[in-house]
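This report refers to the structure that appears directly beneath it.
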Amino acid sequence: MKDYFLIFIFSFLLFISCQNKKQAVEEEEPQLVDVTFCEDSAMTFCAMQCDFGPRTMNSTAHDECEKWIVSKFQEYGCEVITQKADLKGWDGTTLHSTNIIARTNPEQAERIIICAHWDSRPWADNDPDDSNHHTPVMAANDGASGVAVMLELARALNSQLTTDSLSPSTSDLSPKYGIDFVCFDAEDYGTPTWSGKQDEDSWALGAQYFAKNLRPSTSDLRPKYGILLDMVGGQGARFYQEGLSKHYAQDLVNNVWQAANEAGYGSYFVNQSGGYITDDHKPLNEAGIPTIDIIPYYPDCEASAFGPTWHTVNDDMSHLDKNTLKAVGQTLVQFLYTR
């Protein structure tokens, strides 16, 4: 009788242990989001920007593309503000710059920034052919891709809000804050290699202006954090954890890379460091907004660690990969709806 009692106790404890483990596994399972980032739509947005030609500073293509970006964000329910400024380039040129700020849930006090630059580099100064070093870059990846991902996110978020308003039972999920989609201008007017000069402050001019003109530094007005998208559509791209991002916003890096794993794109978001980059996130971090940079790193590329098309005439639509756009976009959807 005693043996049967011991067997009963052991079986009961084993059952409880298994139930606890099952519950723990269930609790650890990621919550997948039923909101789809459409890579074909993002590719179309890239192409539509490139159709204007290189969006170099002070050009007609630049001005026409500005109007188009504003109209698309407005179409997807955003409140749009344009921040205009005349900025001084490295060579003394006055750059007629426009930062485009598209806001979702403008009444929401708690906000985050998702940003990218929208201008094109005026010179393909990393092209293997020296004769192209003064040729403007089309910037399908280094410019258009980040804006395209933001536009598709705005479209998807707006579509989901419309669906939920018609049928509240379709989803219990929604971003818990307002999003400011910021298109920075004059990012890529930095000193060209052929100038014989090196000036870090000549890059990211629009982001520098934005950071210097932030609203008062009160907790209820400043964005909590930011996510920068730079060159997020290239073939073979992998996104390592950039150094400044880790220094200023390690928790945010961890959360975004975990969201990539949950969404099934962990192979694109490599859990290794990728060096320090001077980019639009630098002035935001220095202004007290923890901001990470989702930017590719090609450790084995001889042409550039940013990839073979960086600052070359080959940065065009034929060298984009919609699967890369999908990996970044769906990761951000997963992040926005679950964090």
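Labels for the structure tokens follow display order: chains A, B, ..., residues from 1 in each chain, ligands from 1.
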Q: Write down as JSON, numbers by chain the residues of stretch 85-295 of chain A whose backbone DSSP state falls under helix (DSSP H, G or I).
A: {"A": [130, 131, 132, 140, 141, 142, 143, 144, 145, 146, 147, 148, 149, 150, 151, 152, 153, 154, 155, 156, 157, 158, 159, 160, 161, 162, 163, 164, 165, 166, 168, 169, 170, 193, 194, 195, 200, 201, 202, 205, 206, 207, 208, 209, 210, 211, 212, 243, 244, 245, 246, 247, 248, 249, 250, 251, 252, 253, 254, 255, 256, 257, 258, 259, 260, 261, 262, 263, 281, 282, 283, 284, 285, 286]}
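The two atoms in question, atom CA of A:Leu228 and atom CA of A:Gln49, are spaced 18.9 Å apart.
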Q: Fewer than 2 positions away in the same chain doesn't count, so skip those; otherwise give me all residues within 12 Å of A:Asp199, counting only C-alpha atoms, as JSON, numbers by chain.
A: {"A": [89, 90, 91, 189, 190, 191, 192, 193, 195, 196, 197, 201, 202, 203, 204, 205, 278]}
How close does stretch 99-217 of chain A get to stretch 78-82 of chain A? List, as a Markdown table, each residue of stretch 99-217 of chain A within 9 Å, its nearest atom pair and the distance in Å to one decimal, counting only C-alpha atoms.
```
| residue | atom | partner | partner_atom | distance |
| --- | --- | --- | --- | --- |
| A:Asn99 | CA | A:Thr82 | CA | 5.8 |
| A:Ile100 | CA | A:Thr82 | CA | 4.7 |
| A:Ile101 | CA | A:Ile81 | CA | 5.1 |
| A:Ala102 | CA | A:Val80 | CA | 4.3 |
| A:Arg103 | CA | A:Glu79 | CA | 5.0 |
| A:Thr104 | CA | A:Cys78 | CA | 5.1 |
| A:Asn105 | CA | A:Cys78 | CA | 7.9 |
| A:Pro106 | CA | A:Glu79 | CA | 7.0 |
| A:Ala154 | CA | A:Cys78 | CA | 7.8 |
| A:Asn158 | CA | A:Cys78 | CA | 8.6 |
```
Q: Pull the strand (DSSP E) assignments for stretch 40-286 of chain A out of DSSP run on the backbone, and list those residues as an MDAnalysis selection string.
A: chainID A and resid 79:88 94:103 111:117 178:184 226:229 239:241 269:273
Q: Could you give me, as number ranges by chain, the residues within 12 Å of A:Leu153, counting only C-alpha atoms and dropping anything in the same chain fewer than 4 positions from it?
A: A: 35-39, 41-42, 45, 72-73, 76-78, 102, 104, 114-115, 146-149, 157-160, 175, 179-181, 325-326, 328-337
Print the selection's residues with N, CA and C atoms to a file, as a compact mmCIF listing (two decimals), in the first residue's frame.
```
# COMPACT_ATOMS: atom_id res chain seq x y z
N VAL A 35 -0.75 41.67 -39.08
CA VAL A 35 -0.65 42.86 -39.92
C VAL A 35 0.49 42.60 -40.90
N THR A 36 0.21 42.69 -42.18
CA THR A 36 1.19 42.30 -43.19
C THR A 36 1.86 43.52 -43.81
N PHE A 37 3.19 43.48 -43.82
CA PHE A 37 3.98 44.46 -44.56
C PHE A 37 4.13 43.95 -45.98
N CYS A 38 3.67 44.73 -46.95
CA CYS A 38 3.67 44.28 -48.36
C CYS A 38 4.95 44.75 -49.05
N GLU A 39 5.82 43.80 -49.36
CA GLU A 39 7.10 44.13 -49.99
C GLU A 39 6.93 44.64 -51.42
N SER A 41 4.47 46.49 -52.49
CA SER A 41 4.10 47.90 -52.34
C SER A 41 5.33 48.74 -52.03
N ALA A 42 6.19 48.25 -51.15
CA ALA A 42 7.42 48.99 -50.81
C ALA A 42 8.32 49.14 -52.03
N PHE A 45 7.02 51.91 -54.12
CA PHE A 45 7.36 53.22 -53.56
C PHE A 45 8.80 53.59 -53.87
N LYS A 72 1.65 61.26 -50.23
CA LYS A 72 1.45 59.85 -49.89
C LYS A 72 1.21 59.68 -48.39
N PHE A 73 1.98 60.35 -47.58
CA PHE A 73 1.74 60.25 -46.13
C PHE A 73 0.36 60.80 -45.77
N TYR A 76 -2.35 58.36 -46.39
CA TYR A 76 -2.42 57.29 -45.39
C TYR A 76 -2.73 57.80 -43.99
N GLY A 77 -3.36 58.98 -43.94
CA GLY A 77 -3.94 59.46 -42.69
C GLY A 77 -2.99 60.20 -41.77
N CYS A 78 -1.81 60.56 -42.25
CA CYS A 78 -0.84 61.24 -41.40
C CYS A 78 -1.03 62.76 -41.45
N ALA A 102 5.76 63.22 -40.75
CA ALA A 102 4.40 62.69 -40.93
C ALA A 102 3.99 61.99 -39.62
N THR A 104 1.38 59.97 -37.08
CA THR A 104 0.18 59.19 -36.80
C THR A 104 -0.27 59.51 -35.38
N ILE A 114 10.37 57.07 -36.34
CA ILE A 114 10.96 56.18 -37.34
C ILE A 114 11.41 57.08 -38.47
N CYS A 115 12.68 56.97 -38.88
CA CYS A 115 13.22 57.98 -39.78
C CYS A 115 14.13 57.38 -40.84
N GLY A 146 14.50 53.45 -47.42
CA GLY A 146 14.03 53.79 -46.08
C GLY A 146 12.70 54.52 -46.11
N VAL A 147 12.55 55.46 -47.05
CA VAL A 147 11.29 56.17 -47.20
C VAL A 147 10.18 55.21 -47.61
N ALA A 148 10.50 54.28 -48.50
CA ALA A 148 9.50 53.31 -48.97
C ALA A 148 9.00 52.44 -47.82
N VAL A 149 9.90 52.00 -46.95
CA VAL A 149 9.48 51.19 -45.80
C VAL A 149 8.57 52.01 -44.89
N LEU A 157 -0.52 50.54 -41.25
CA LEU A 157 -1.10 50.98 -39.98
C LEU A 157 -2.45 51.63 -40.20
N ASN A 158 -2.54 52.47 -41.24
CA ASN A 158 -3.80 53.13 -41.54
C ASN A 158 -4.87 52.13 -41.95
N SER A 159 -4.48 51.13 -42.74
CA SER A 159 -5.41 50.09 -43.18
C SER A 159 -5.91 49.28 -41.99
N GLN A 160 -5.01 48.98 -41.05
CA GLN A 160 -5.41 48.21 -39.87
C GLN A 160 -6.36 49.00 -39.00
N PRO A 175 -0.46 49.88 -31.95
CA PRO A 175 0.66 50.59 -31.34
C PRO A 175 0.19 51.44 -30.18
N ILE A 179 3.39 57.73 -33.81
CA ILE A 179 4.63 57.57 -34.56
C ILE A 179 4.87 58.81 -35.41
N ASP A 180 6.08 59.34 -35.32
CA ASP A 180 6.51 60.42 -36.20
C ASP A 180 7.44 59.81 -37.25
N PHE A 181 6.95 59.69 -38.48
CA PHE A 181 7.79 59.28 -39.59
C PHE A 181 8.54 60.52 -40.07
N LEU A 325 13.45 44.29 -48.05
CA LEU A 325 12.43 45.25 -47.60
C LEU A 325 11.41 44.57 -46.70
N LYS A 326 11.01 43.37 -47.08
CA LYS A 326 10.04 42.61 -46.29
C LYS A 326 10.60 42.30 -44.90
N VAL A 328 12.84 43.84 -43.11
CA VAL A 328 12.89 45.04 -42.27
C VAL A 328 11.48 45.50 -41.90
N GLY A 329 10.61 45.56 -42.90
CA GLY A 329 9.25 46.05 -42.65
C GLY A 329 8.46 45.19 -41.70
N GLN A 330 8.51 43.86 -41.90
CA GLN A 330 7.73 42.97 -41.03
C GLN A 330 8.31 42.93 -39.62
N THR A 331 9.62 43.08 -39.51
CA THR A 331 10.24 43.19 -38.19
C THR A 331 9.71 44.41 -37.45
N LEU A 332 9.60 45.52 -38.15
CA LEU A 332 9.09 46.73 -37.50
C LEU A 332 7.62 46.60 -37.13
N VAL A 333 6.84 45.95 -37.98
CA VAL A 333 5.43 45.67 -37.63
C VAL A 333 5.37 44.86 -36.34
N GLN A 334 6.16 43.80 -36.28
CA GLN A 334 6.19 42.95 -35.08
C GLN A 334 6.58 43.77 -33.85
N PHE A 335 7.58 44.61 -34.01
CA PHE A 335 8.05 45.45 -32.90
C PHE A 335 6.97 46.45 -32.46
N LEU A 336 6.39 47.16 -33.42
CA LEU A 336 5.45 48.22 -33.08
C LEU A 336 4.19 47.71 -32.39
N TYR A 337 3.75 46.51 -32.76
CA TYR A 337 2.50 45.99 -32.22
C TYR A 337 2.67 45.17 -30.94
```
Q) Quick one: of A:Ala186, A:Val70, A:Leu95, A:Leu252, who's nearest to A:Asp119, counting only C-alpha atoms? A)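 That would be A:Ala186, the residue with the smallest distance to A:Asp119.
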Per residue of stretch 229-328 of chain A within 10 Å of stretch 122-138 of chain A, note the shortest atom pair and the distance in Å to one decimal, counting only C-alpha atoms, and order the rows by chain and increasing residue number, as JSON lines.
```
{"residue": "A:Ala303", "atom": "CA", "partner": "A:Asn126", "partner_atom": "CA", "distance": 7.9}
{"residue": "A:Ser304", "atom": "CA", "partner": "A:Asn126", "partner_atom": "CA", "distance": 8.3}
{"residue": "A:Pro308", "atom": "CA", "partner": "A:Asp127", "partner_atom": "CA", "distance": 9.1}
{"residue": "A:Thr309", "atom": "CA", "partner": "A:Asp127", "partner_atom": "CA", "distance": 7.9}
{"residue": "A:Trp310", "atom": "CA", "partner": "A:Asn126", "partner_atom": "CA", "distance": 7.0}
{"residue": "A:His311", "atom": "CA", "partner": "A:Ala124", "partner_atom": "CA", "distance": 4.7}
{"residue": "A:Thr312", "atom": "CA", "partner": "A:Asp127", "partner_atom": "CA", "distance": 4.3}
{"residue": "A:Val313", "atom": "CA", "partner": "A:Val137", "partner_atom": "CA", "distance": 5.4}
{"residue": "A:Asn314", "atom": "CA", "partner": "A:Val137", "partner_atom": "CA", "distance": 8.0}
{"residue": "A:Asp315", "atom": "CA", "partner": "A:Met138", "partner_atom": "CA", "distance": 6.0}
{"residue": "A:Asp316", "atom": "CA", "partner": "A:Met138", "partner_atom": "CA", "distance": 5.8}
{"residue": "A:Met317", "atom": "CA", "partner": "A:Met138", "partner_atom": "CA", "distance": 8.7}
```
Q) Given the choices A:Asp279, A:Asp230, A:Glu286, A:Glu200, which gets closest to A:Ala249 if the distance is worked out from only C-alpha atoms? A)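 For A:Ala249, the nearest of the candidates is A:Glu286.
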Q | Contact residues around A:Pro283 with only C-alpha atoms at 9 Å, ignoring same-chain residues under 3 positions, as a VMD selection string | A | chain A and resid 204 207 to 212 279 to 280 286 to 289
Okay, now the selection with all heavy atoms, as an mmCIF file, in the first residue's frame?
```cif
data_model
loop_
_atom_site.group_PDB
_atom_site.id
_atom_site.type_symbol
_atom_site.label_atom_id
_atom_site.label_comp_id
_atom_site.auth_asym_id
_atom_site.auth_seq_id
_atom_site.Cartn_x
_atom_site.Cartn_y
_atom_site.Cartn_z
ATOM 1 N N ALA A 204 24.496 64.425 -42.657
ATOM 2 C CA ALA A 204 23.296 64.440 -41.795
ATOM 3 C C ALA A 204 22.902 65.857 -41.404
ATOM 4 O O ALA A 204 22.526 66.112 -40.248
ATOM 5 C CB ALA A 204 23.538 63.580 -40.558
ATOM 6 N N ALA A 207 19.190 66.157 -40.209
ATOM 7 C CA ALA A 207 18.999 65.587 -38.869
ATOM 8 C C ALA A 207 19.617 66.491 -37.807
ATOM 9 O O ALA A 207 19.068 66.633 -36.706
ATOM 10 C CB ALA A 207 19.616 64.191 -38.809
ATOM 11 N N GLN A 208 20.757 67.106 -38.127
ATOM 12 C CA GLN A 208 21.359 68.047 -37.180
ATOM 13 C C GLN A 208 20.414 69.218 -36.908
ATOM 14 O O GLN A 208 20.235 69.630 -35.757
ATOM 15 C CB GLN A 208 22.688 68.572 -37.730
ATOM 16 C CG GLN A 208 23.811 67.550 -37.773
ATOM 17 C CD GLN A 208 25.109 68.177 -38.244
ATOM 18 O OE1 GLN A 208 25.535 69.210 -37.728
ATOM 19 N NE2 GLN A 208 25.737 67.558 -39.245
ATOM 20 N N TYR A 209 19.817 69.738 -37.975
ATOM 21 C CA TYR A 209 18.884 70.863 -37.812
ATOM 22 C C TYR A 209 17.660 70.433 -36.997
ATOM 23 O O TYR A 209 17.205 71.158 -36.101
ATOM 24 C CB TYR A 209 18.450 71.378 -39.185
ATOM 25 C CG TYR A 209 17.532 72.574 -39.110
ATOM 26 C CD1 TYR A 209 18.054 73.852 -38.962
ATOM 27 C CD2 TYR A 209 16.152 72.425 -39.163
ATOM 28 C CE1 TYR A 209 17.221 74.959 -38.872
ATOM 29 C CE2 TYR A 209 15.307 73.516 -39.079
ATOM 30 C CZ TYR A 209 15.846 74.782 -38.930
ATOM 31 O OH TYR A 209 15.012 75.860 -38.833
ATOM 32 N N PHE A 210 17.143 69.244 -37.307
ATOM 33 C CA PHE A 210 15.983 68.724 -36.581
ATOM 34 C C PHE A 210 16.290 68.609 -35.092
ATOM 35 O O PHE A 210 15.497 69.021 -34.243
ATOM 36 C CB PHE A 210 15.605 67.353 -37.152
ATOM 37 C CG PHE A 210 14.463 66.667 -36.476
ATOM 38 C CD1 PHE A 210 13.153 66.890 -36.886
ATOM 39 C CD2 PHE A 210 14.682 65.782 -35.424
ATOM 40 C CE1 PHE A 210 12.079 66.253 -36.266
ATOM 41 C CE2 PHE A 210 13.622 65.129 -34.801
ATOM 42 C CZ PHE A 210 12.326 65.371 -35.222
ATOM 43 N N ALA A 211 17.448 68.043 -34.756
ATOM 44 C CA ALA A 211 17.811 67.828 -33.355
ATOM 45 C C ALA A 211 17.989 69.144 -32.610
ATOM 46 O O ALA A 211 17.630 69.254 -31.427
ATOM 47 C CB ALA A 211 19.086 67.004 -33.276
ATOM 48 N N LYS A 212 18.516 70.155 -33.297
ATOM 49 C CA LYS A 212 18.727 71.457 -32.649
ATOM 50 C C LYS A 212 17.418 72.217 -32.445
ATOM 51 O O LYS A 212 17.366 73.173 -31.649
ATOM 52 C CB LYS A 212 19.681 72.303 -33.490
ATOM 53 C CG LYS A 212 21.120 71.800 -33.470
ATOM 54 C CD LYS A 212 21.983 72.607 -34.425
ATOM 55 C CE LYS A 212 23.408 72.064 -34.468
ATOM 56 N NZ LYS A 212 24.242 72.756 -35.489
ATOM 57 N N ASP A 279 25.753 58.829 -38.881
ATOM 58 C CA ASP A 279 24.502 58.773 -39.633
ATOM 59 C C ASP A 279 23.486 59.680 -38.949
ATOM 60 O O ASP A 279 23.789 60.337 -37.935
ATOM 61 C CB ASP A 279 24.004 57.321 -39.697
ATOM 62 C CG ASP A 279 23.167 57.023 -40.939
ATOM 63 O OD1 ASP A 279 22.711 57.968 -41.604
ATOM 64 O OD2 ASP A 279 22.958 55.830 -41.246
ATOM 65 N N ASP A 280 22.262 59.693 -39.456
ATOM 66 C CA ASP A 280 21.236 60.585 -38.918
ATOM 67 C C ASP A 280 20.894 60.303 -37.453
ATOM 68 O O ASP A 280 20.310 61.168 -36.787
ATOM 69 C CB ASP A 280 19.957 60.479 -39.761
ATOM 70 C CG ASP A 280 20.069 61.190 -41.098
ATOM 71 O OD1 ASP A 280 20.712 62.248 -41.149
ATOM 72 O OD2 ASP A 280 19.517 60.692 -42.088
ATOM 73 N N GLU A 286 22.621 62.472 -29.485
ATOM 74 C CA GLU A 286 23.271 63.562 -28.765
ATOM 75 C C GLU A 286 22.264 64.552 -28.190
ATOM 76 O O GLU A 286 22.569 65.249 -27.221
ATOM 77 C CB GLU A 286 24.258 64.271 -29.689
ATOM 78 C CG GLU A 286 25.467 63.403 -30.046
ATOM 79 C CD GLU A 286 26.363 64.023 -31.105
ATOM 80 O OE1 GLU A 286 25.907 64.986 -31.772
ATOM 81 O OE2 GLU A 286 27.503 63.549 -31.274
ATOM 82 N N ALA A 287 21.066 64.594 -28.778
ATOM 83 C CA ALA A 287 19.997 65.461 -28.266
ATOM 84 C C ALA A 287 19.158 64.771 -27.191
ATOM 85 O O ALA A 287 18.194 65.350 -26.694
ATOM 86 C CB ALA A 287 19.094 65.901 -29.413
ATOM 87 N N GLY A 288 19.520 63.542 -26.834
ATOM 88 C CA GLY A 288 18.833 62.857 -25.748
ATOM 89 C C GLY A 288 17.701 61.948 -26.165
ATOM 90 O O GLY A 288 16.920 61.498 -25.325
ATOM 91 N N ILE A 289 17.607 61.627 -27.475
ATOM 92 C CA ILE A 289 16.599 60.679 -27.952
ATOM 93 C C ILE A 289 17.319 59.386 -28.329
ATOM 94 O O ILE A 289 17.994 59.334 -29.366
ATOM 95 C CB ILE A 289 15.832 61.228 -29.170
ATOM 96 C CG1 ILE A 289 15.132 62.535 -28.824
ATOM 97 C CG2 ILE A 289 14.805 60.204 -29.667
ATOM 98 C CD1 ILE A 289 14.484 63.222 -30.002
#
```
